[in-house]
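Enquirer: File data_2.txt below, compact mmCIF, C-alpha atoms:
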```txt
# COMPACT_ATOMS: atom_id res chain seq x y z
CA MET A 1 2.20 -21.64 8.00
CA ILE A 2 -1.55 -21.30 8.56
CA ASP A 3 -2.91 -17.92 7.54
CA THR A 4 -5.00 -17.13 10.62
CA SER A 5 -6.34 -13.97 9.00
CA LYS A 6 -8.73 -16.15 6.97
CA ARG A 7 -10.70 -17.32 10.01
CA TRP A 8 -14.23 -15.96 10.23
CA TYR A 9 -13.60 -14.00 13.42
CA ASN A 10 -10.46 -12.44 11.94
CA ILE A 11 -12.47 -11.29 8.93
CA ALA A 12 -15.26 -10.04 11.23
CA LEU A 13 -12.79 -7.98 13.28
CA TYR A 14 -11.23 -6.64 10.10
CA ASN A 15 -14.64 -5.46 8.88
CA VAL A 16 -15.52 -3.87 12.23
CA ILE A 17 -12.25 -1.94 12.30
CA ARG A 18 -12.47 -1.08 8.61
CA PHE A 19 -16.00 0.32 8.64
CA GLY A 20 -15.43 2.16 11.90
CA PHE A 21 -12.34 3.81 10.48
CA ILE A 22 -14.08 4.63 7.20
CA ALA A 23 -16.76 6.50 9.13
CA LEU A 24 -14.10 8.41 11.05
CA CYS A 25 -12.16 9.23 7.89
CA LYS A 26 -15.18 10.51 6.02
CA VAL A 27 -16.12 12.86 8.84
CA TYR A 28 -12.70 13.98 10.09
CA PHE A 29 -10.61 13.90 6.91
CA ARG A 30 -13.45 14.33 4.39
CA ILE A 31 -11.67 11.52 2.56
CA THR A 32 -12.58 10.81 -1.05
CA ILE A 33 -11.43 8.19 -3.52
CA GLU A 34 -11.40 7.85 -7.30
CA GLY A 35 -10.39 5.19 -9.75
CA GLN A 36 -12.11 2.29 -8.00
CA GLU A 37 -12.87 0.83 -11.42
CA ASN A 38 -9.11 0.22 -11.75
CA ILE A 39 -8.97 -2.23 -8.85
CA PRO A 40 -8.16 -5.67 -10.30
CA ALA A 41 -10.32 -8.63 -9.41
CA GLY A 42 -8.19 -10.76 -7.12
CA ALA A 43 -4.55 -10.41 -6.18
CA CYS A 44 -2.29 -7.53 -7.17
CA VAL A 45 0.62 -5.55 -5.84
CA TRP A 46 -0.72 -2.28 -4.42
CA ALA A 47 1.93 0.46 -4.77
CA PRO A 48 1.14 3.82 -3.06
CA ASN A 49 3.32 6.82 -2.37
CA HIS A 50 4.20 7.24 1.32
CA ARG A 51 4.13 10.62 3.09
CA SER A 52 2.63 9.95 6.53
CA TYR A 53 2.12 7.26 9.17
CA ILE A 54 -1.61 7.42 8.49
CA ASP A 55 -1.20 6.37 4.85
CA THR A 56 -1.79 2.78 5.94
CA PRO A 57 -5.00 3.09 8.02
CA ILE A 58 -6.71 5.59 5.70
CA GLN A 59 -6.58 2.98 2.94
CA ALA A 60 -9.37 1.20 4.79
CA ILE A 61 -11.59 3.20 2.44
CA VAL A 62 -10.45 1.03 -0.47
CA PRO A 63 -13.17 -1.56 -1.30
CA ALA A 64 -10.75 -4.49 -1.18
CA ARG A 65 -9.11 -6.36 1.68
CA LEU A 66 -5.60 -4.99 1.51
CA ARG A 67 -2.82 -7.01 3.15
CA PHE A 68 -0.03 -4.92 4.64
CA MET A 69 3.57 -5.60 5.50
CA GLY A 70 4.52 -3.57 8.57
CA LYS A 71 7.82 -2.92 10.32
CA ASP A 72 8.34 -5.56 13.00
CA SER A 73 8.53 -3.01 15.85
CA MET A 74 4.77 -2.52 15.46
CA TRP A 75 4.41 -5.97 17.02
CA ASP A 76 6.33 -5.02 20.18
CA ASN A 77 3.04 -4.30 21.94
CA ARG A 78 1.32 -7.66 22.41
CA PHE A 79 -2.24 -6.31 22.07
CA PHE A 80 -1.62 -4.25 18.94
CA GLY A 81 0.50 -7.04 17.51
CA TRP A 82 -2.48 -9.35 17.91
CA VAL A 83 -4.77 -6.81 16.23
CA PHE A 84 -2.37 -6.33 13.31
CA THR A 85 -2.06 -10.08 12.79
CA THR A 86 -5.80 -10.61 13.16
CA ILE A 87 -6.68 -8.14 10.43
CA GLY A 88 -4.14 -9.66 8.06
CA CYS A 89 -0.95 -7.64 8.50
CA PHE A 90 2.41 -9.35 8.79
CA PRO A 91 5.77 -8.05 10.07
CA VAL A 92 8.89 -7.38 8.07
CA SER A 93 12.38 -6.60 9.36
CA ARG A 94 13.52 -3.34 7.79
CA GLY A 95 17.07 -3.03 6.53
CA THR A 96 17.43 -6.77 5.93
CA ILE A 97 16.30 -9.34 3.39
CA ASP A 98 13.35 -10.75 5.31
CA ARG A 99 12.66 -13.98 3.46
CA ALA A 100 9.84 -15.01 5.82
CA ALA A 101 7.95 -11.78 5.10
CA MET A 102 8.62 -12.12 1.38
CA ASN A 103 7.36 -15.71 1.42
CA ARG A 104 4.20 -14.62 3.26
CA ALA A 105 3.58 -11.84 0.75
CA MET A 106 4.11 -14.21 -2.18
CA ALA A 107 1.76 -16.73 -0.59
CA VAL A 108 -0.97 -14.06 -0.42
CA LEU A 109 -0.40 -13.09 -4.05
CA THR A 110 -0.36 -16.63 -5.37
CA ASP A 111 -3.53 -17.34 -3.39
CA GLY A 112 -5.08 -14.98 -5.90
CA LYS A 113 -7.57 -13.18 -3.66
CA ASN A 114 -6.09 -10.11 -1.97
CA PRO A 115 -3.83 -7.18 -2.86
CA VAL A 116 -0.53 -6.90 -1.00
CA VAL A 117 0.54 -3.34 -0.18
CA VAL A 118 4.17 -2.48 -0.92
CA TYR A 119 5.43 1.08 -0.49
CA PRO A 120 7.96 1.18 -3.34
CA GLU A 121 9.56 4.36 -2.00
CA GLY A 122 10.51 2.38 1.10
CA GLU A 123 10.19 4.51 4.21
CA ARG A 124 8.23 7.76 4.42
CA LYS A 125 9.44 10.50 2.11
CA GLU A 126 8.88 14.25 1.93
CA GLY A 127 8.21 16.55 -0.98
CA PRO A 128 6.12 16.59 -4.15
CA ARG A 129 8.30 14.28 -6.24
CA ILE A 130 8.31 10.50 -6.31
CA LEU A 131 11.95 9.54 -5.92
CA PRO A 132 13.56 6.48 -7.56
CA LEU A 133 11.79 3.36 -6.34
CA PHE A 134 13.00 0.10 -4.92
CA ASP A 135 12.23 -2.72 -7.35
CA GLY A 136 10.52 -5.00 -4.82
CA ALA A 137 6.98 -4.15 -5.90
CA VAL A 138 7.62 -4.97 -9.55
CA TYR A 139 9.70 -8.02 -8.65
CA MET A 140 6.83 -9.45 -6.58
CA GLY A 141 4.33 -8.66 -9.32
CA SER A 142 6.48 -10.42 -11.86
CA LYS A 143 7.16 -13.45 -9.71
CA ALA A 144 3.44 -13.91 -8.97
CA GLN A 145 2.35 -12.64 -12.41
CA VAL A 146 -0.18 -10.20 -10.98
CA PRO A 147 -0.85 -6.53 -11.88
CA ILE A 148 0.94 -3.67 -10.12
CA VAL A 149 -1.36 -0.79 -9.17
CA PRO A 150 -0.02 2.78 -8.81
CA VAL A 151 -1.81 4.66 -6.03
CA GLY A 152 -1.61 8.35 -5.11
CA ILE A 153 -2.43 9.54 -1.59
CA ALA A 154 -2.47 13.26 -0.78
CA GLY A 155 -3.41 15.26 2.29
CA THR A 156 -2.02 12.81 4.84
CA SER A 157 1.19 14.77 5.32
CA GLU A 158 -0.97 17.78 6.25
CA ALA A 159 -3.26 15.69 8.47
CA MET A 160 -0.30 14.16 10.32
CA PRO A 161 3.03 15.71 9.38
CA LYS A 162 6.32 14.27 10.54
CA GLY A 163 6.74 14.76 14.28
CA ALA A 164 3.06 15.59 14.91
CA ARG A 165 1.33 14.00 17.90
CA PHE A 166 -2.24 14.73 16.92
CA LEU A 167 -4.31 14.33 13.77
CA ARG A 168 -5.45 17.45 11.99
CA PRO A 169 -8.79 17.67 10.13
CA LYS A 170 -7.32 18.05 6.65
CA LYS A 171 -8.87 16.73 3.45
CA VAL A 172 -7.39 13.48 2.11
CA HIS A 173 -7.84 12.14 -1.42
CA VAL A 174 -6.84 8.77 -2.89
CA VAL A 175 -6.40 8.10 -6.61
CA ILE A 176 -6.12 4.54 -7.92
CA GLY A 177 -4.30 4.38 -11.24
CA VAL A 178 -4.50 1.98 -14.15
CA PRO A 179 -2.70 -1.28 -13.28
CA LEU A 180 0.62 -2.06 -14.94
CA SER A 181 1.26 -5.49 -16.39
CA PRO A 182 4.11 -7.35 -14.69
CA PRO A 183 7.26 -8.23 -16.62
CA ALA A 184 6.86 -11.66 -18.17
CA LEU A 185 8.89 -14.58 -16.90
CA THR A 186 11.45 -16.12 -19.23
CA GLU A 187 10.99 -19.61 -20.65
CA LYS A 188 12.98 -20.91 -17.69
CA GLY A 189 10.74 -19.06 -15.22
CA ARG A 190 13.29 -16.38 -14.47
CA ILE A 191 12.90 -12.62 -14.24
CA SER A 192 14.78 -10.17 -16.44
CA ARG A 193 16.54 -7.52 -14.36
CA GLN A 194 16.30 -5.07 -17.23
CA ALA A 195 12.54 -5.62 -17.51
CA ILE A 196 12.16 -5.13 -13.75
CA SER A 197 14.09 -1.84 -13.95
CA GLU A 198 12.04 -0.60 -16.91
CA VAL A 199 8.67 -1.35 -15.29
CA THR A 200 9.87 0.11 -11.98
CA GLU A 201 10.63 3.38 -13.74
CA GLU A 202 7.23 3.28 -15.44
CA LEU A 203 5.65 2.66 -12.03
CA ARG A 204 7.46 5.70 -10.61
CA GLU A 205 6.07 7.86 -13.41
CA GLN A 206 2.54 6.58 -12.92
CA ILE A 207 2.63 7.04 -9.14
CA GLN A 208 3.72 10.63 -9.80
CA VAL A 209 0.70 11.10 -12.09
CA VAL A 210 -1.83 9.83 -9.54
CA PHE A 211 -0.06 11.61 -6.67
CA ASP A 212 -0.27 14.93 -8.54
CA ARG A 213 -3.95 14.28 -9.26
CA ALA A 214 -4.59 13.46 -5.59
CA LYS A 215 -2.86 16.67 -4.46
CA VAL A 216 -5.13 18.76 -6.66
CA ARG A 217 -8.27 17.05 -5.34
CA ALA A 218 -7.07 17.30 -1.74
CA GLY A 219 -6.37 21.01 -2.16
CA VAL A 220 -2.69 20.62 -1.33
CA SER A 221 -0.77 23.71 -2.43
CA ASP A 222 2.14 21.34 -3.12
CA LEU A 223 4.55 19.84 -0.69
CA LYS A 224 7.99 21.16 0.09
CA LYS A 225 10.27 21.05 -2.96
```
Just give me the structure of the file as structure tokens.
Expert:
Amino acid sequence: MIDTSKRWYNIALYNVIRFGFIALCKVYFRITIEGQENIPAGACVWAPNHRSYIDTPIQAIVPARLRFMGKDSMWDNRFFGWVFTTIGCFPVSRGTIDRAAMNRAMAVLTDGKNPVVVYPEGERKEGPRILPLFDGAVYMGSKAQVPIVPVGIAGTSEAMPKGARFLRPKKVHVVIGVPLSPPALTEKGRISRQAISEVTEELREQIQVVFDRAKVRAGVSDLKK
């Protein structure tokens, strides 16, 4: 499958949308970011916590071209579906093993240029604690042998809480943590389930660390317990 997001006009549209949204975020959300020195050069699995629908667009502030997997219903509208595809997003069917989406994500990672965003908590969660993660993020990192980056995002649940129709001018802060090394492949090129589980638990702990740091910097009094 041809990756149309690599065409010059796709990249141009991505940059227009990105810089326009960055300007909006800086004014409206007073968004700040730290840990940019931790962004790997090239491909990685980008693993943020997930507390609001706006977690995805506010990451436009990250100085890297992030590639997102989005739930397939976002493509129901033809225009927005075209925009999502143009800027490098690709759909995934939730609740099923979507091999096409997984293959696309792995193709991006093995291309070696861009991070792929995977929300290891799955769907949006509530509260101050990072709950047990799905192992997909670490599995993909291991299969492609790329770093896994823990990312904390705070303030978005105040800016757009669950059920809200309008954005609120709340401060948002993003913390990029130190990348984790992926589990090594065995001599036969296989992946140890135990190693995946161990690194997934380490990832959960590190996302909690950067999430807590982001909450402090965003001035969040702490989310519901």
Enquirer: Out of A:Ser181, A:Asn103, A:Pro150, A:Phe166, which residue has the shortest atom-to-atom distance to Trp46 in chain A when counting only C-alpha atoms?
Expert: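 Nearest candidate to Trp46 in chain A out of A:Ser181, A:Asn103, A:Pro150, A:Phe166: A:Pro150.
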Enquirer: CA of Leu203 in chain A to CA of Leu180 in chain A: how many Å, to one decimal?
Expert: 7.5 Å
Enquirer: Contacts of Pro183 in chain A at 10 Å or less, counting all atoms listed in the file, minus same-chain residues fewer than 4 places along, as a count of residues only?
Expert: 18
Enquirer: Could you tell me how far CA of Ser221 in chain A sits from CA of Ile54 in chain A, in Å to one decimal place?
Expert: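 According to the coordinates, CA of Ile54 in chain A and CA of Ser221 in chain A are separated by 19.6 Å.
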Enquirer: I'd like the contact shell of range 28-35 of chain A - 8 Å cut-off, all atoms listed in the file, skipping same-chain residues fewer than 4 positions apart - returned as a PDB file with C-alpha atoms, in the coordinates of the input.
Expert:
```pdb
ATOM      1  CA  LEU A  24     -14.100   8.410  11.050  1.00  0.00           C
ATOM      2  CA  ILE A  39      -8.970  -2.230  -8.850  1.00  0.00           C
ATOM      3  CA  ILE A  61     -11.590   3.200   2.440  1.00  0.00           C
ATOM      4  CA  VAL A  62     -10.450   1.030  -0.470  1.00  0.00           C
ATOM      5  CA  ALA A 159      -3.260  15.690   8.470  1.00  0.00           C
ATOM      6  CA  PRO A 169      -8.790  17.670  10.130  1.00  0.00           C
ATOM      7  CA  LYS A 170      -7.320  18.050   6.650  1.00  0.00           C
ATOM      8  CA  LYS A 171      -8.870  16.730   3.450  1.00  0.00           C
ATOM      9  CA  VAL A 172      -7.390  13.480   2.110  1.00  0.00           C
ATOM     10  CA  HIS A 173      -7.840  12.140  -1.420  1.00  0.00           C
ATOM     11  CA  VAL A 174      -6.840   8.770  -2.890  1.00  0.00           C
ATOM     12  CA  VAL A 175      -6.400   8.100  -6.610  1.00  0.00           C
ATOM     13  CA  ILE A 176      -6.120   4.540  -7.920  1.00  0.00           C
ATOM     14  CA  GLY A 177      -4.300   4.380 -11.240  1.00  0.00           C
TER      15      GLY A 177
END
```
Enquirer: Pick from A:Met69, A:Met160, A:Ala43, A:Ala101: nearest to Val118 in chain A, with all atoms listed in the file counted?
Expert: A:Met69
Enquirer: Find, counting only C-alpha atoms, the residue in A:Val16, A:Ala100, A:Ala154, A:Val116 that gets nearest to Ala218 in chain A.
Expert: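 Of the candidates, the smallest distance to Ala218 in chain A is held by A:Ala154.
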Enquirer: Taking all atoms listed in the file into account, name the residue in A:Glu126, A:Ile153, A:Glu158, A:Thr85 that is nearest to Val210 in chain A.
Expert: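 When distances to Val210 in chain A are compared using all atoms listed in the file, the smallest one comes from A:Ile153.
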Enquirer: So which one's closest to Met102 in chain A, A:Pro128, A:Gly20, A:Gly219, A:Gly136? Using all atoms listed in the file, please.
Expert: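 Once distances to Met102 in chain A are computed over all atoms listed in the file, the minimum belongs to A:Gly136.
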Enquirer: What is the CA of Asp55 in chain A-CA of Val27 in chain A distance in Å, reported with one decimal?
Expert: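 Between CA of Asp55 in chain A and CA of Val27 in chain A the gap is 16.8 Å.
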Enquirer: Counting only C-alpha atoms, which residue out of A:Arg104, A:Val151, A:Asn15, A:Glu187 sits closest to Arg213 in chain A?
Expert: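 Among the listed residues, A:Val151 lies closest to Arg213 in chain A.
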Enquirer: With a distance cut-off of 6 Å and only C-alpha atoms, select the neighbouring residues of Val92 in chain A, excluding the residue or stretch itself and same-chain residues fewer than 2 positions from it, and output the selection as a ChimeraX atom specification.
Expert: /A:70-72,101
